[in-house]
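Structure, as structure tokens:
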Amino acid sequence: MKFSTYFILLSYLMAGTGLLSVGLTGVLGLPFFALITGITVFSFFINIKGKTLGISKFIWNGLALIILPAALADYFFISMSLIDVSIRFLTILMAAKLFDLRTNRDHAILYILTFFQLLAASVSTINISFLFVLALYILIGIWTLTIFNLKKEWEEKSLAHGEIGRNILSPYFFIATAGLAALSLIITLSLFFVIPRMGVGLFPRKTADTLKVSGFSETIDLGDLGPVKLDPTIIMRVELHDYKVSAIPHFYFRGMAFDSYNGTQWQQTDTTSGRINLARRDNGIFASEAIAGIAARNLLKQVVLLEPVETSVLFAATAVVGIAGNFKNVAADKAGAFYLPAPSYSRIEYTAYSAIPSPPENTIPDGEYLRNVPAQYLHLPSGFEPVHLLARKITADKKTPMDAAIEIGEYLKNNYRYNLSPAKGEGRDPLDDFLFYTKEGYCEQYATAMAVMLRTIGIPARLVTGFLPGEWNRVGNYFIIRGRDAHSWVEAYMPNSGWVTFDPTPSVEAAGITMPAKTPAILLYVDVLKWKWNRYIINYSFTDQIRLSRAVEEKGRLFLADLRRSLPINKLSAANSRQKAAYLSIVAVTVAIVVFIIIIMTAQKLKNDAGWLKIPMFYKNMIRLLAKRGKIKNAGDTALEFADAVNIEEVKAITDIYYKVRFGGYRLTDEEKGDIAVYLENIKNGSSCNHVGNF
Amino acid sequence: MGIHPTLSAPLPWLTAVSRILIRKKYAAKKRGSIFILPRTLSFTKEGKRYIAILFVIGIAAINTGNNLLYLIVAMMLSIIVISGILSESTLRGIEVSRALPRHIFAGRPVMVRQVMSNQKRLFSSFSVSIEELPNNGFTAEPVYTIKLPARGSFTKICSYTFQRRGLHRLEGFKVSTRFPFGFFTKGRRLSLPVDVLVYPYYKPAVQGASSKSAGHELSHARFKGQGTNLYSLRDYTLMDDSRFIHWKSTAKTTRLMTKEFEKEENKIVKIVFHNALTSAADFKDRFEDMVEETAGLADSFIRSGFEVGFKSLTSEIPCKAGKEQLYRILRELALIEPVATNENISPAIKVVKQ
């Protein structure tokens, strides 16, 4: 492959990666994306053949100026989103640039455009695919930039491209580049976790795609949850720590409780004004007073990753008593639900602590039964006589509120049909339709019917909305809760047990409903990746950094402690004197051997390096004396050449002797040693015989 | 002077000690020793832009708290780290050697063989430039190679030009690279000191013009004798050595002709260079001109077969013939400096017949 072709291909790989990154955002739309891709491919075939469209640079630059007002119009009148406009603008510029790749500068501009596309994508998306695009960008970027730099330097030196091809275009080069890209990715992720999160957040980013989920506002109309129950969108993921949920009856993720029913609508009478701001405790948990009386083993800890939903309620398993998270304020209402001050428009993660309920008591109420229960939990408007009669009929032989509630629940499960789209009957209101006419409905109708029936017979009850546990992801060990898992149930106040959960809705098997097929394992893996991505990248925070550093510190401390324990020296104190002596002797001998080896190796190295040790001292002295006089022996000169260049008789004489001693094994006589001393003295004093130098 | 007065005046002592220390420090620095950083790093234009963009994105990440922007910042930082690793790997293990010609003349470009070798066993070096460490006395072509394989070498013949005669010290090389991304230029100093003796510049004279060199005429009469130079041609006699028959003229004249030779003259001269220092305004330039003239004379006479000696106020070289003698004289002229004398005589050149 010719070098020019190779280089064009690299530039197009960069362009392709940039296009892919903005494609992830969804801003371009499929038709526009397809158009740009087509233009890119077309330009590729033009460039690969070495042709151009014949349009001058001036016109290309003018085209960019024309696109700018269009982008501004897009911003002010159409999208009104700076990021969306920027993405479209960059993409169009990039496509135009692909037709104008003549000089190195053009290629550099293309690379800068693709980088800004990646940057724009990072601001617009939280999709896990961004990580793969980033990895691809790193690989192609390193490869391209390296070749680009070499090409530029080569051309600066006015050399031909053929040489680059021979030296660079080899599979080994690409393998090395891939290795470097992998290293770069590792360094990127390491730096990502280490760079301090300042948390200034002056312009916090709003996550796109806020989910509209009905049933979690301050009022709920009967029928609100119906459409939600068809929605497969993931609302949240909940990770449980160290507990088997099968041991908990009615394990639901509770949202809000509604206390007032007007015949068609449930409401919360204590809205935001009735909520109490909770103080953050020393352990970082916003907790209600109830947490104080609960042992840690009776607390169920859940880590919740909640998608951005249009509600401020914090979902958690029934009887939540504490919330820990990166929140400034958390409030709780009297019904036990926890709230943020306002809906969070970005994905949030928090840890919820719920009390594991103990089995309720089944007792006959005494005079204290209803003393502390607010009146609204018994209140009903007029016109519920038929419901009252039905309730009395069902619970005629039940002595305790618990038995009555269970009986009502069973009656509803067995006598009514589950239907997500119940027909409209002749009843005066939806509840009338459900109980007396159509006899079909879904969880909202079932729960409303039970709550109203309980109230008619004097048992305080409230409607609660939330979610069923959903699907268990066995790969990641967490629940995936979707829109279709939205649910309503009842909480009734029982003597000596407080608020107890009842669910009159038949199970899906009993209802004969066809459940959606189990999620294939590969999708579960993908979901785990998304979970981890959101948990450790998108939502990574300063708190996580502290946690990570503490974990590293703790692991390091444990490792060192284990190491110290395993060192023989620590076992030494338990040994007797003979064992100690033996151990110390072994250590001493080992150290001595190591030191001896090091000395030998060092001496050998010195000997090999310069051979300086072999040179007789008198010759070295002569060299030093001459150097002081400015006659320096070059490394490449032999002794004879140097003597000839210096042209001093004493030097020549000493050189002759040097050769005999060093290479001939000659031993100097005392007379010769004396002569050498005289020669050196003459050289030192500058009174050499027959010298013709500038001494 | 008692001890107390001496100690009470510390300033002279401090000055003396400081002078010694500073001189030693300067000497150490001159030898390229401990105070020089092992690597130099400078930003290219592209590198400055890269850092500016990194800075801006970092600020944006802090402002927005967007973790994906932090990821981009981390990626850009990792690229810098990778760049540092690769450029360091490129520079390590590079050795350079140079082979200078034996005889170098001022002002005349000489070809020097530079060999760049990669001592590393596994890794190649890419985009390596080497250039002599800056020195006012000479210019040298830089050398560049795109790839130096492991255990490989690259040889280039490049041109050096020394502006002045004398002893020049070549300290070594600067090895630098912009590999891999061109954001930074990383360099390393390779100490390879060598002293180079540069002969004075002179224009070589035309062969045989020695008697008229620079106005220093040497007139001499020609006599028949036993020398080697041709004196005349005459008819051959039986007494003559047949080896000396001149066949060309014999063919022309159709008579045997023999050569007669010139009497060997005593071709021994001594160039005397009176290198006295004067206070004339343009003395320096004139002195250099005289050095060049002397060199030219020596060259001219030696080419003509003379035995040439040299004498100055500070040195003397006995008369000898041959190229080596010329180089001995040129060595002296390379280093000769004007000397102050008590006599009021201007510097001068004289050629004295021996």
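As shown in the structure tokens, the chain order sets the letters A, B, ...; within each chain, residues go from 1, and ligands are also counted from 1 in the order they appear.
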
Chain B contacts to chain A at 7 Å (only C-alpha atoms) as a PyMOL selection string: chain B and resi 62-71+74-75+78-79+82+127+147+180-182+194-195+315-317

Secondary structure check, strand (DSSP E or B) residues of stretch 268-381 of chain A, as a PyMOL selection string: chain A and resi 276-278+280+285-287+299-306+309+313-314+316-317+320-325+330-332+338-339+348-355

If we count only C-alpha atoms, what is near A:Ile480 at a cut-off of 7 Å, once residues fewer than 3 positions away on the same chain are taken out, given as a PDB file with N, CA, C and O atoms, in the first residue's frame?
```pdb
ATOM      1  N   ILE A 234     -36.207   0.997  32.033  1.00  0.00           N
ATOM      2  CA  ILE A 234     -35.630   0.758  33.354  1.00  0.00           C
ATOM      3  C   ILE A 234     -35.752   2.027  34.188  1.00  0.00           C
ATOM      4  O   ILE A 234     -35.341   3.105  33.767  1.00  0.00           O
ATOM      5  N   MET A 236     -35.002   1.871  37.781  1.00  0.00           N
ATOM      6  CA  MET A 236     -33.906   1.850  38.733  1.00  0.00           C
ATOM      7  C   MET A 236     -33.313   0.446  38.824  1.00  0.00           C
ATOM      8  O   MET A 236     -33.896  -0.523  38.350  1.00  0.00           O
ATOM      9  N   ARG A 237     -32.132   0.426  39.419  1.00  0.00           N
ATOM     10  CA  ARG A 237     -31.468  -0.832  39.726  1.00  0.00           C
ATOM     11  C   ARG A 237     -31.158  -0.816  41.210  1.00  0.00           C
ATOM     12  O   ARG A 237     -30.720   0.205  41.739  1.00  0.00           O
ATOM     13  N   VAL A 238     -31.414  -1.948  41.848  1.00  0.00           N
ATOM     14  CA  VAL A 238     -31.226  -1.977  43.298  1.00  0.00           C
ATOM     15  C   VAL A 238     -30.333  -3.160  43.659  1.00  0.00           C
ATOM     16  O   VAL A 238     -30.648  -4.315  43.364  1.00  0.00           O
ATOM     17  N   GLY A 470     -39.139  -6.657  40.402  1.00  0.00           N
ATOM     18  CA  GLY A 470     -38.692  -6.702  39.013  1.00  0.00           C
ATOM     19  C   GLY A 470     -37.854  -7.935  38.723  1.00  0.00           C
ATOM     20  O   GLY A 470     -38.058  -9.002  39.287  1.00  0.00           O
ATOM     21  N   GLU A 471     -36.882  -7.762  37.887  1.00  0.00           N
ATOM     22  CA  GLU A 471     -36.071  -8.887  37.407  1.00  0.00           C
ATOM     23  C   GLU A 471     -34.745  -8.916  38.157  1.00  0.00           C
ATOM     24  O   GLU A 471     -34.078  -7.902  38.308  1.00  0.00           O
ATOM     25  N   TRP A 472     -34.371 -10.116  38.582  1.00  0.00           N
ATOM     26  CA  TRP A 472     -33.098 -10.281  39.276  1.00  0.00           C
ATOM     27  C   TRP A 472     -32.000 -10.535  38.249  1.00  0.00           C
ATOM     28  O   TRP A 472     -32.074 -11.487  37.483  1.00  0.00           O
ATOM     29  N   ASN A 473     -31.017  -9.664  38.243  1.00  0.00           N
ATOM     30  CA  ASN A 473     -29.876  -9.861  37.354  1.00  0.00           C
ATOM     31  C   ASN A 473     -28.839 -10.672  38.105  1.00  0.00           C
ATOM     32  O   ASN A 473     -28.127 -10.164  38.968  1.00  0.00           O
TER      33      ASN A 473
END
```

Spatial neighbours of A:Lys439, 8 Å, only C-alpha atoms, chain gap at least 2 places, as a ChimeraX atom specification: /A:415-417,433-437,441

Filtered DSSP result for stretch 16-252 of chain B, state alpha helix (DSSP H), as a ChimeraX atom specification: /B:16-30,45-64,67-91,247-252

Residues within 8 Å of B:Gly305, only C-alpha atoms, excluding chain neighbours under 6 positions, as a list in words: Lys267, Ala321 and Gly322 of chain B

Would you save the residues from that selection as a short mmCIF file (atom, residue, chain, number, x, y, z; two decimals), in the first residue's frame, using N, CA and C atoms?
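After the write, selection09.cif holds the following:
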```cif
data_model
loop_
_atom_site.label_atom_id
_atom_site.label_comp_id
_atom_site.auth_asym_id
_atom_site.auth_seq_id
_atom_site.Cartn_x
_atom_site.Cartn_y
_atom_site.Cartn_z
N LYS B 267 68.23 23.65 -1.45
CA LYS B 267 66.86 24.23 -1.37
C LYS B 267 66.37 24.13 0.06
N ALA B 321 61.76 18.56 4.73
CA ALA B 321 60.88 18.59 3.56
C ALA B 321 59.68 17.68 3.81
N GLY B 322 58.74 17.76 2.90
CA GLY B 322 57.63 16.79 2.94
C GLY B 322 56.37 17.35 3.57
#
```

Residue neighbourhood stretch 345-349 of chain B, 9 Å, only C-alpha atoms, exclusion window fewer than 2 positions, as a list in words: Ile271, Val272, Phe273, His274, Asn275, Ala276, Leu277, Thr278, Phe287, Met290, Glu293, Thr294, Pro338, Thr341, Asn342, Glu343 and Val351 of chain B
